[in-house]
file data_29.txt (compact mmCIF, C-alpha atoms)
# COMPACT_ATOMS: atom_id res chain seq x y z
CA MET I 1419 107.19 10.83 135.75
CA ALA I 1420 109.05 7.59 136.44
CA ALA I 1421 107.37 4.72 138.30
CA TRP I 1422 107.52 4.85 142.10
CA ALA I 1423 109.84 1.85 142.33
CA GLU I 1424 112.41 3.68 140.21
CA ARG I 1425 112.01 6.97 142.05
CA LEU I 1426 112.47 5.43 145.49
CA THR I 1427 115.14 2.84 144.82
CA GLY I 1428 118.16 3.00 147.12
CA VAL I 1429 116.55 5.24 149.75
CA ARG I 1430 118.04 4.57 153.19
CA GLY I 1431 117.14 7.73 155.07
CA VAL I 1432 114.16 10.05 155.36
CA LEU I 1433 114.13 13.71 156.39
CA LEU I 1434 110.74 14.88 157.64
CA ASP I 1435 109.53 18.45 157.79
CA ILE I 1436 107.32 19.11 160.82
CA SER I 1437 104.95 22.02 160.28
CA GLY I 1438 102.52 21.22 157.48
CA VAL I 1439 103.59 17.56 157.36
CA LEU I 1440 103.12 16.24 160.89
CA CYS I 1441 100.86 19.00 162.18
CA ASP I 1442 99.45 22.46 161.57
CA SER I 1443 100.30 25.13 164.13
CA SER I 1444 97.76 27.41 165.76
CA ALA I 1445 97.77 30.19 168.30
CA SER I 1446 96.73 27.69 170.98
CA GLY I 1447 99.08 24.84 170.02
CA ALA I 1448 99.01 22.43 167.11
CA THR I 1449 96.63 20.10 165.28
CA VAL I 1450 97.71 16.68 164.04
CA ILE I 1451 97.45 16.07 160.31
CA ALA I 1452 95.41 12.89 159.87
CA GLY I 1453 97.49 9.71 159.80
CA SER I 1454 100.82 11.36 160.55
CA VAL I 1455 101.36 9.96 164.07
CA GLU I 1456 101.05 6.37 162.87
CA ALA I 1457 103.04 7.17 159.72
CA VAL I 1458 106.00 8.33 161.82
CA ALA I 1459 105.71 5.25 164.02
CA ARG I 1460 105.72 2.98 160.97
CA LEU I 1461 108.78 4.72 159.55
CA LYS I 1462 110.66 4.33 162.81
CA ARG I 1463 109.82 0.62 162.97
CA SER I 1464 111.28 0.17 159.47
CA PRO I 1465 114.97 -0.16 158.55
CA LEU I 1466 114.94 3.42 157.23
CA LYS I 1467 116.78 6.08 159.21
CA VAL I 1468 114.62 9.05 160.17
CA ARG I 1469 115.51 12.67 160.97
CA PHE I 1470 113.18 15.59 161.61
CA CYS I 1471 114.28 18.75 159.81
CA THR I 1472 112.45 21.97 160.65
CA ASN I 1473 112.68 25.74 160.29
CA GLU I 1474 110.55 26.25 163.39
CA SER I 1475 111.72 29.46 165.08
CA GLN I 1476 108.81 30.49 167.30
CA LYS I 1477 109.39 27.68 169.81
CA SER I 1478 112.49 26.37 171.52
CA LEU I 1479 113.51 22.87 170.52
CA ARG I 1480 112.41 21.57 173.92
CA GLU I 1481 108.96 23.16 173.61
CA LEU I 1482 108.52 21.99 170.03
CA VAL I 1483 109.35 18.39 170.90
CA GLY I 1484 107.12 18.58 173.96
CA VAL I 1485 104.17 19.70 171.85
CA LEU I 1486 104.76 16.89 169.36
CA GLN I 1487 105.04 14.29 172.11
CA GLN I 1488 101.74 15.48 173.57
CA LEU I 1489 100.18 15.02 170.14
CA GLY I 1490 101.35 11.40 170.20
CA PHE I 1491 104.52 11.50 168.07
CA ASP I 1492 107.53 9.31 168.87
CA ILE I 1493 110.20 12.03 168.79
CA SER I 1494 113.08 13.30 170.93
CA GLU I 1495 115.19 16.48 170.86
CA GLU I 1496 118.18 14.47 169.66
CA GLU I 1497 116.30 13.52 166.47
CA VAL I 1498 115.60 17.09 165.33
CA THR I 1499 117.71 19.43 163.23
CA ALA I 1500 116.48 22.97 163.98
CA PRO I 1501 117.89 26.41 163.13
CA ALA I 1502 118.16 28.04 166.57
CA PRO I 1503 120.67 25.54 168.07
CA ALA I 1504 122.62 25.57 164.80
CA THR I 1505 122.72 29.38 164.87
CA CYS I 1506 124.00 29.43 168.45
CA GLN I 1507 126.85 27.14 167.45
CA ILE I 1508 127.77 29.48 164.57
CA LEU I 1509 127.67 32.53 166.85
CA LYS I 1510 130.02 30.90 169.34
CA GLU I 1511 132.42 29.61 166.69
CA ARG I 1512 132.71 33.01 165.02
CA GLY I 1513 132.66 35.20 168.12
CA LEU I 1514 129.47 36.93 167.00
CA ARG I 1515 127.32 38.89 169.46
CA PRO I 1516 123.81 39.19 168.09
CA HIS I 1517 121.09 41.77 168.18
CA LEU I 1518 118.04 39.50 168.19
CA LEU I 1519 114.87 40.09 166.21
CA ILE I 1520 113.13 36.86 167.16
CA HIS I 1521 109.98 35.46 168.79
CA GLU I 1522 109.93 35.38 172.58
CA GLY I 1523 109.20 31.66 172.39
CA VAL I 1524 112.67 30.89 171.06
CA ARG I 1525 114.67 33.44 173.07
CA SER I 1526 115.69 30.86 175.68
CA GLU I 1527 117.82 29.12 173.04
CA PHE I 1528 120.13 32.15 173.16
CA ASP I 1529 120.52 32.35 176.96
CA ASP I 1530 124.21 31.37 176.79
CA ILE I 1531 125.06 33.82 174.00
CA ASP I 1532 126.90 37.11 174.64
CA MET I 1533 124.72 39.91 173.30
CA SER I 1534 126.73 42.90 174.53
CA ASN I 1535 127.82 45.42 171.88
CA PRO I 1536 126.22 43.51 168.96
CA ASN I 1537 128.28 42.83 165.85
CA CYS I 1538 125.54 41.02 163.90
CA VAL I 1539 121.77 40.69 163.65
CA VAL I 1540 119.87 37.42 163.98
CA ILE I 1541 116.36 37.42 162.54
CA ALA I 1542 113.73 34.69 162.83
CA ASP I 1543 109.96 34.34 162.56
CA ALA I 1544 109.24 37.04 165.13
CA GLY I 1545 105.49 37.15 164.53
CA GLU I 1546 103.95 40.23 166.15
CA ALA I 1547 107.45 41.48 167.07
CA PHE I 1548 107.98 42.43 163.41
CA SER I 1549 107.05 46.04 164.15
CA TYR I 1550 108.48 49.06 162.36
CA GLN I 1551 110.38 49.98 165.51
CA ASN I 1552 112.01 46.55 165.82
CA MET I 1553 112.81 46.26 162.12
CA ASN I 1554 114.29 49.75 162.11
CA ARG I 1555 116.47 48.96 165.13
CA ALA I 1556 117.82 45.86 163.38
CA PHE I 1557 118.48 48.03 160.31
CA GLN I 1558 120.34 50.59 162.44
CA VAL I 1559 122.54 47.95 164.06
CA LEU I 1560 123.54 46.58 160.66
CA MET I 1561 124.24 50.01 159.19
CA GLU I 1562 126.50 50.89 162.11
CA LEU I 1563 128.74 47.87 161.46
CA GLU I 1564 131.77 48.04 159.19
CA ASN I 1565 131.16 44.45 158.09
CA PRO I 1566 127.45 43.83 158.71
CA VAL I 1567 126.37 40.24 159.27
CA LEU I 1568 122.70 39.26 159.00
CA ILE I 1569 121.78 35.70 159.96
CA SER I 1570 118.27 34.49 159.16
CA LEU I 1571 116.68 31.36 160.64
CA GLY I 1572 115.25 30.12 157.36
CA LYS I 1573 113.90 32.28 154.56
CA GLY I 1574 110.38 30.97 154.07
CA ARG I 1575 107.79 33.14 152.36
CA TYR I 1576 104.82 31.91 154.36
CA TYR I 1577 103.53 28.96 156.35
CA LYS I 1578 100.12 27.64 157.30
CA GLU I 1579 98.38 27.78 160.63
CA THR I 1580 94.90 26.49 161.28
CA SER I 1581 93.63 30.08 160.90
CA GLY I 1582 95.22 30.51 157.45
CA LEU I 1583 98.48 31.42 155.74
CA MET I 1584 101.00 33.42 157.79
CA LEU I 1585 103.81 35.66 156.54
CA ASP I 1586 107.19 34.09 157.35
CA VAL I 1587 110.66 35.52 158.00
CA GLY I 1588 111.75 35.62 154.35
CA GLY I 1589 110.01 38.87 153.47
CA TYR I 1590 111.53 40.67 156.47
CA MET I 1591 114.94 39.21 155.70
CA LYS I 1592 114.68 40.53 152.14
CA ALA I 1593 113.70 43.98 153.44
CA LEU I 1594 116.86 44.20 155.55
CA GLU I 1595 118.99 42.85 152.69
CA TYR I 1596 117.61 45.53 150.37
CA ALA I 1597 117.83 48.39 152.85
CA CYS I 1598 121.39 47.54 153.95
CA GLY I 1599 122.74 46.33 150.60
CA ILE I 1600 123.86 43.01 152.07
CA LYS I 1601 123.15 39.29 151.69
CA ALA I 1602 121.84 37.31 154.63
CA GLU I 1603 123.35 34.03 155.76
CA VAL I 1604 120.52 31.49 156.02
CA VAL I 1605 120.58 28.88 158.77
CA GLY I 1606 117.81 26.42 158.02
CA LYS I 1607 116.15 25.12 154.88
CA PRO I 1608 116.98 25.56 152.02
CA SER I 1609 120.61 26.06 153.13
CA PRO I 1610 122.79 23.16 151.86
CA GLU I 1611 124.75 23.15 155.14
CA PHE I 1612 121.53 22.64 157.09
CA PHE I 1613 120.49 19.63 155.02
CA LYS I 1614 124.02 18.21 155.19
CA SER I 1615 124.06 18.43 158.99
CA ALA I 1616 120.78 16.50 159.12
CA LEU I 1617 122.18 13.81 156.81
CA GLN I 1618 125.37 13.54 158.85
CA ALA I 1619 123.31 12.98 161.99
CA ILE I 1620 121.84 9.78 160.51
CA GLY I 1621 124.93 8.71 158.56
CA VAL I 1622 123.28 8.75 155.14
CA GLU I 1623 124.60 10.17 151.87
CA ALA I 1624 122.48 12.65 149.94
CA HIS I 1625 121.76 10.23 147.09
CA GLN I 1626 120.43 7.72 149.63
CA ALA I 1627 118.00 10.18 151.25
CA ILE I 1628 114.59 11.65 150.55
CA MET I 1629 113.00 14.78 151.98
CA ILE I 1630 109.26 14.95 152.66
CA GLY I 1631 107.87 18.46 153.01
CA ASP I 1632 105.09 20.86 152.14
CA ASP I 1633 107.28 23.70 150.81
CA ILE I 1634 108.09 23.33 147.10
CA VAL I 1635 111.06 25.71 147.33
CA GLY I 1636 112.47 25.34 150.85
CA ASP I 1637 111.89 21.61 151.33
CA VAL I 1638 111.79 20.13 147.83
CA GLY I 1639 114.05 22.51 145.94
CA GLY I 1640 116.57 22.81 148.76
CA ALA I 1641 116.85 19.04 149.17
CA GLN I 1642 117.23 18.44 145.44
CA GLN I 1643 120.02 21.01 145.22
CA CYS I 1644 121.90 18.91 147.77
CA GLY I 1645 121.53 15.77 145.66
CA MET I 1646 118.58 14.33 147.56
CA ARG I 1647 115.21 13.26 146.28
CA ALA I 1648 112.09 15.00 147.60
CA LEU I 1649 108.36 14.43 147.86
CA GLN I 1650 105.82 17.18 148.39
CA VAL I 1651 102.75 16.50 150.49
CA ARG I 1652 99.44 18.14 149.62
CA THR I 1653 98.99 19.31 153.21
CA GLY I 1654 100.20 22.37 155.10
CA LYS I 1655 101.14 25.26 152.84
CA PHE I 1656 100.81 23.21 149.64
CA ARG I 1657 99.13 25.13 146.82
CA PRO I 1658 97.82 23.48 143.61
CA GLY I 1659 100.18 25.61 141.55
CA ASP I 1660 103.18 24.00 143.27
CA GLU I 1661 102.85 21.00 140.95
CA HIS I 1662 103.53 23.35 138.03
CA HIS I 1663 106.27 25.42 139.66
CA PRO I 1664 108.48 27.05 137.00
CA GLU I 1665 111.76 26.05 138.68
CA VAL I 1666 111.16 23.08 141.00
CA GLN I 1667 109.61 19.71 140.20
CA ALA I 1668 109.24 17.27 143.09
CA ASP I 1669 110.18 13.63 142.59
CA GLY I 1670 106.59 12.88 143.52
CA TYR I 1671 103.45 14.42 145.01
CA VAL I 1672 101.43 12.64 147.68
CA ASP I 1673 98.24 13.54 149.52
CA ASN I 1674 99.82 13.27 152.96
CA LEU I 1675 102.64 11.74 154.99
CA ALA I 1676 100.73 8.47 155.42
CA GLU I 1677 100.68 7.95 151.64
CA ALA I 1678 104.37 8.81 151.39
CA VAL I 1679 105.21 6.22 154.05
CA ASP I 1680 103.07 3.61 152.31
CA LEU I 1681 105.12 4.13 149.14
CA LEU I 1682 108.47 4.17 150.93
CA LEU I 1683 107.78 0.93 152.80
CA LYS I 1684 106.50 -0.73 149.64
CA TYR I 1685 109.33 0.19 147.30
CA THR I 1686 112.53 1.02 149.22
CA ASP I 1687 113.34 -2.60 149.95
CA LYS I 1688 112.91 -3.69 146.34
call {"tool": "encode", "arguments": {"input": "data_29.txt", "output": "structure tokens"}}
result
Amino acid sequence: MAAWAERLTGVRGVLLDISGVLCDSSASGATVIAGSVEAVARLKRSPLKVRFCTNESQKSLRELVGVLQQLGFDISEEEVTAPAPATCQILKERGLRPHLLIHEGVRSEFDDIDMSNPNCVVIADAGEAFSYQNMNRAFQVLMELENPVLISLGKGRYYKETSGLMLDVGGYMKALEYACGIKAEVVGKPSPEFFKSALQAIGVEAHQAIMIGDDIVGDVGGAQQCGMRALQVRTGKFRPGDEHHPEVQADGYVDNLAEAVDLLLKYTDK
């Protein structure tokens, strides 16, 4: 692997995952990952442009940012690219009326959306709401449509909470794809459009940006497919086998966000 100076040359912008990089979620809130609050503060004091890029779909953007602020992070709603607001924009632009299979915590994001006579299904990390009854109803809605549209807020396989690994939306999305014979539209990582919208928000080209995340496929692989560089942290959902993934090789592996920021501040101005 090339030296760090070579790997980080020309970086002007940083995209930061949230869950597993800044903090670990739990049923009662969230726990800060050691050193991450100060690491974010150091990044924001530097000349580098910073954007938070998350697939969080159990909390509204306002609640998510509020939790992070309480943990001590310097963050605002305007600095976050999240799938629920992006999905609402798509629904409005395309005249789509969704049947929602989502977590109650994010339902408020859809308050201004027409949901009468649904002509699509929106699925997110619904947690305990992923019952047979709710999955079957989403299946029925899709099968009744002449041109079924399934929109998924991310397609992660799993994520980490303080209590352990948790099944994510991807498996349920795949079940509906298989049962209905359709392909879901993904809003969130690793969708290229999602990464591009985050880059546009900070005015940085893909080759000038680096993604820092804990997901070897969604964060690292997705960013690299867009022409970005990507570092994987050994926190959150990281598994030792990720460093030997058969399809995705990060541009570097670091123990945590603090180490990543140390390297960025040392080498990006060289």
call {"tool": "axis_aligned_box", "arguments": {"input": "data_29.txt", "around": "stretch 1616-1629 of chain I", "padding_each_side": "4 Å", "output": "JSON"}}
result
{"center_x": 119.2, "center_y": 12.1, "center_z": 154.5, "size_x": 20.4, "size_y": 16.8, "size_z": 22.9}
call {"tool": "closest_residue", "arguments": {"input": "data_29.txt", "among": "I:Ser1526, I:Gln1642, I:Asn1565, I:Ser1581", "to": "I:Gly1599", "atoms": "all atoms listed in the file"}}
result
I:Asn1565
call {"tool": "closest_residue", "arguments": {"input": "data_29.txt", "among": "I:Met1629, I:Phe1470, I:Gly1574, I:Leu1518", "to": "I:Arg1555", "atoms": "all atoms listed in the file"}}
result
I:Leu1518
call {"tool": "atom_distance", "arguments": {"input": "data_29.txt", "atom1": "atom CA of I:Val1540", "atom2": "atom CA of I:Ala1648"}}
result
28.8 Å
call {"tool": "closest_residue", "arguments": {"input": "data_29.txt", "among": "I:Leu1466, I:Ala1452, I:Leu1514, I:Ala1500", "to": "I:Gln1626", "atoms": "only C-alpha atoms"}}
result
I:Leu1466
call {"tool": "closest_residue", "arguments": {"input": "data_29.txt", "among": "I:Met1584, I:Ile1628, I:Val1455, I:Val1635", "to": "I:Leu1649", "atoms": "only C-alpha atoms"}}
result
I:Ile1628
call {"tool": "residues_around", "arguments": {"input": "data_29.txt", "residues": "I:Ser1494", "least_positions_apart": "5", "cutoff": "12 Å", "atoms": "all atoms listed in the file", "output": "list in words"}}
result
Val1468, Arg1469, Phe1470, Leu1479, Arg1480, Glu1481, Leu1482, Val1483, Gly1484, Val1485, Leu1486, Gln1487, Gln1488 and Thr1499 of chain I
call {"tool": "atom_distance", "arguments": {"input": "data_29.txt", "atom1": "atom CA of I:Asp1673", "atom2": "atom CA of I:Lys1607"}}
result
22.0 Å
call {"tool": "closest_atom_pairs", "arguments": {"input": "data_29.txt", "of": "stretch 1441-1554 of chain I", "to": "stretch 1425-1435 of chain I", "cutoff": "12 Å", "atoms": "all atoms listed in the file", "output": "Markdown table"}}
result
| residue | atom | partner | partner_atom | distance |
| --- | --- | --- | --- | --- |
| I:Cys1441 | CA | I:Asp1435 | CA | 9.7 |
| I:Asp1442 | CA | I:Asp1435 | CA | 11.5 |
| I:Ser1454 | CA | I:Leu1434 | CA | 10.9 |
| I:Ala1457 | CA | I:Leu1434 | CA | 11.1 |
| I:Val1458 | CA | I:Leu1434 | CA | 9.1 |
| I:Leu1461 | CA | I:Val1432 | CA | 8.7 |
| I:Lys1462 | CA | I:Val1432 | CA | 10.0 |
| I:Ser1464 | CA | I:Arg1430 | CA | 10.2 |
| I:Pro1465 | CA | I:Arg1430 | CA | 7.8 |
| I:Leu1466 | CA | I:Arg1430 | CA | 5.2 |
| I:Lys1467 | CA | I:Gly1431 | CA | 4.5 |
| I:Val1468 | CA | I:Val1432 | CA | 4.9 |
| I:Arg1469 | CA | I:Leu1433 | CA | 4.9 |
| I:Phe1470 | CA | I:Leu1434 | CA | 4.7 |
| I:Cys1471 | CA | I:Asp1435 | CA | 5.2 |
| I:Thr1472 | CA | I:Asp1435 | CA | 5.4 |
| I:Asn1473 | CA | I:Asp1435 | CA | 8.3 |
| I:Glu1474 | CA | I:Asp1435 | CA | 9.7 |
| I:Ile1493 | CA | I:Leu1434 | CA | 11.5 |
| I:Glu1497 | CA | I:Leu1433 | CA | 10.3 |
| I:Val1498 | CA | I:Leu1434 | CA | 9.4 |
| I:Thr1499 | CA | I:Leu1433 | CA | 9.6 |
| I:Ala1500 | CA | I:Asp1435 | CA | 10.3 |
call {"tool": "residues_around", "arguments": {"input": "data_29.txt", "residues": "I:Thr1580", "least_positions_apart": "6", "cutoff": "8 Å", "atoms": "all atoms listed in the file", "output": "PyMOL selection string"}}
result
chain I and resi 1442-1444+1449
call {"tool": "residues_around", "arguments": {"input": "data_29.txt", "residues": "I:Cys1644", "least_positions_apart": "5", "cutoff": "8 Å", "atoms": "only C-alpha atoms", "output": "JSON, numbers by chain"}}
result
{"I": [1610, 1613, 1614, 1624]}
call {"tool": "residues_around", "arguments": {"input": "data_29.txt", "residues": "I:Ser1549", "least_positions_apart": "4", "cutoff": "12 Å", "atoms": "only C-alpha atoms", "output": "list of chain:residue names"}}
result
I:Leu1519, I:Ile1520, I:His1521, I:Ala1544, I:Gly1545, I:Met1553, I:Asn1554, I:Arg1555, I:Ala1556, I:Tyr1590
call {"tool": "atom_distance", "arguments": {"input": "data_29.txt", "atom1": "atom CA of I:Phe1612", "atom2": "atom CA of I:Arg1575"}}
result
17.9 Å
call {"tool": "residues_around", "arguments": {"input": "data_29.txt", "residues": "I:Leu1571", "least_positions_apart": "6", "cutoff": "9 Å", "atoms": "all atoms listed in the file", "output": "PyMOL selection string"}}
result
chain I and resi 1473-1475+1501-1502+1505+1540-1543+1587+1603-1607
call {"tool": "closest_residue", "arguments": {"input": "data_29.txt", "among": "I:Ala1504, I:Ala1547, I:Ile1620, I:Ile1630", "to": "I:Ile1569", "atoms": "all atoms listed in the file"}}
result
I:Ala1504
call {"tool": "closest_residue", "arguments": {"input": "data_29.txt", "among": "I:Leu1509, I:Gly1523, I:Ala1602, I:Gly1582", "to": "I:Lys1655", "atoms": "all atoms listed in the file"}}
result
I:Gly1582
call {"tool": "residues_near_point", "arguments": {"input": "data_29.txt", "point": "(97.9, 13.2, 158.9)", "cutoff": "12 Å", "atoms": "all atoms listed in the file", "output": "ChimeraX atom specification"}}
result
/I:1436-1442,1449-1458,1489-1491,1651-1654,1672-1679
call {"tool": "build_atoms", "arguments": {"input": "data_29.txt", "residues": "stretch 1426-1441 of chain I", "atoms": "N, CA and C atoms", "output": "PDB file, in the frame of the given file"}}
result
ATOM      1  N   LEU I1426     112.140   5.645 144.088  1.00  0.00           N
ATOM      2  CA  LEU I1426     112.470   5.430 145.490  1.00  0.00           C
ATOM      3  C   LEU I1426     113.567   4.399 145.715  1.00  0.00           C
ATOM      4  N   THR I1427     114.110   3.852 144.663  1.00  0.00           N
ATOM      5  CA  THR I1427     115.140   2.840 144.820  1.00  0.00           C
ATOM      6  C   THR I1427     116.368   3.402 145.528  1.00  0.00           C
ATOM      7  N   GLY I1428     116.929   2.618 146.427  1.00  0.00           N
ATOM      8  CA  GLY I1428     118.160   3.000 147.120  1.00  0.00           C
ATOM      9  C   GLY I1428     117.989   3.951 148.270  1.00  0.00           C
ATOM     10  N   VAL I1429     116.763   4.330 148.622  1.00  0.00           N
ATOM     11  CA  VAL I1429     116.550   5.240 149.750  1.00  0.00           C
ATOM     12  C   VAL I1429     116.846   4.515 151.066  1.00  0.00           C
ATOM     13  N   ARG I1430     117.696   5.129 151.879  1.00  0.00           N
ATOM     14  CA  ARG I1430     118.040   4.570 153.190  1.00  0.00           C
ATOM     15  C   ARG I1430     117.667   5.486 154.345  1.00  0.00           C
ATOM     16  N   GLY I1431     117.453   6.766 154.019  1.00  0.00           N
ATOM     17  CA  GLY I1431     117.140   7.730 155.070  1.00  0.00           C
ATOM     18  C   GLY I1431     116.051   8.692 154.648  1.00  0.00           C
ATOM     19  N   VAL I1432     115.281   9.145 155.623  1.00  0.00           N
ATOM     20  CA  VAL I1432     114.160  10.050 155.360  1.00  0.00           C
ATOM     21  C   VAL I1432     114.272  11.275 156.258  1.00  0.00           C
ATOM     22  N   LEU I1433     114.208  12.455 155.645  1.00  0.00           N
ATOM     23  CA  LEU I1433     114.130  13.710 156.390  1.00  0.00           C
ATOM     24  C   LEU I1433     112.679  14.176 156.359  1.00  0.00           C
ATOM     25  N   LEU I1434     112.131  14.460 157.525  1.00  0.00           N
ATOM     26  CA  LEU I1434     110.740  14.880 157.640  1.00  0.00           C
ATOM     27  C   LEU I1434     110.625  16.319 158.101  1.00  0.00           C
ATOM     28  N   ASP I1435     109.930  17.133 157.315  1.00  0.00           N
ATOM     29  CA  ASP I1435     109.530  18.450 157.790  1.00  0.00           C
ATOM     30  C   ASP I1435     108.498  18.233 158.898  1.00  0.00           C
ATOM     31  N   ILE I1436     108.273  19.245 159.707  1.00  0.00           N
ATOM     32  CA  ILE I1436     107.320  19.110 160.820  1.00  0.00           C
ATOM     33  C   ILE I1436     106.037  19.887 160.546  1.00  0.00           C
ATOM     34  N   SER I1437     106.136  21.211 160.505  1.00  0.00           N
ATOM     35  CA  SER I1437     104.950  22.020 160.280  1.00  0.00           C
ATOM     36  C   SER I1437     104.401  21.811 158.875  1.00  0.00           C
ATOM     37  N   GLY I1438     103.136  21.467 158.783  1.00  0.00           N
ATOM     38  CA  GLY I1438     102.520  21.220 157.480  1.00  0.00           C
ATOM     39  C   GLY I1438     102.632  19.788 157.014  1.00  0.00           C
ATOM     40  N   VAL I1439     103.426  18.975 157.705  1.00  0.00           N
ATOM     41  CA  VAL I1439     103.590  17.560 157.360  1.00  0.00           C
ATOM     42  C   VAL I1439     103.103  16.677 158.517  1.00  0.00           C
ATOM     43  N   LEU I1440     103.585  16.966 159.712  1.00  0.00           N
ATOM     44  CA  LEU I1440     103.120  16.240 160.890  1.00  0.00           C
ATOM     45  C   LEU I1440     101.898  16.912 161.502  1.00  0.00           C
ATOM     46  N   CYS I1441     101.926  18.250 161.522  1.00  0.00           N
ATOM     47  CA  CYS I1441     100.860  19.000 162.180  1.00  0.00           C
ATOM     48  C   CYS I1441     100.758  20.396 161.604  1.00  0.00           C
TER      49      CYS I1441
END
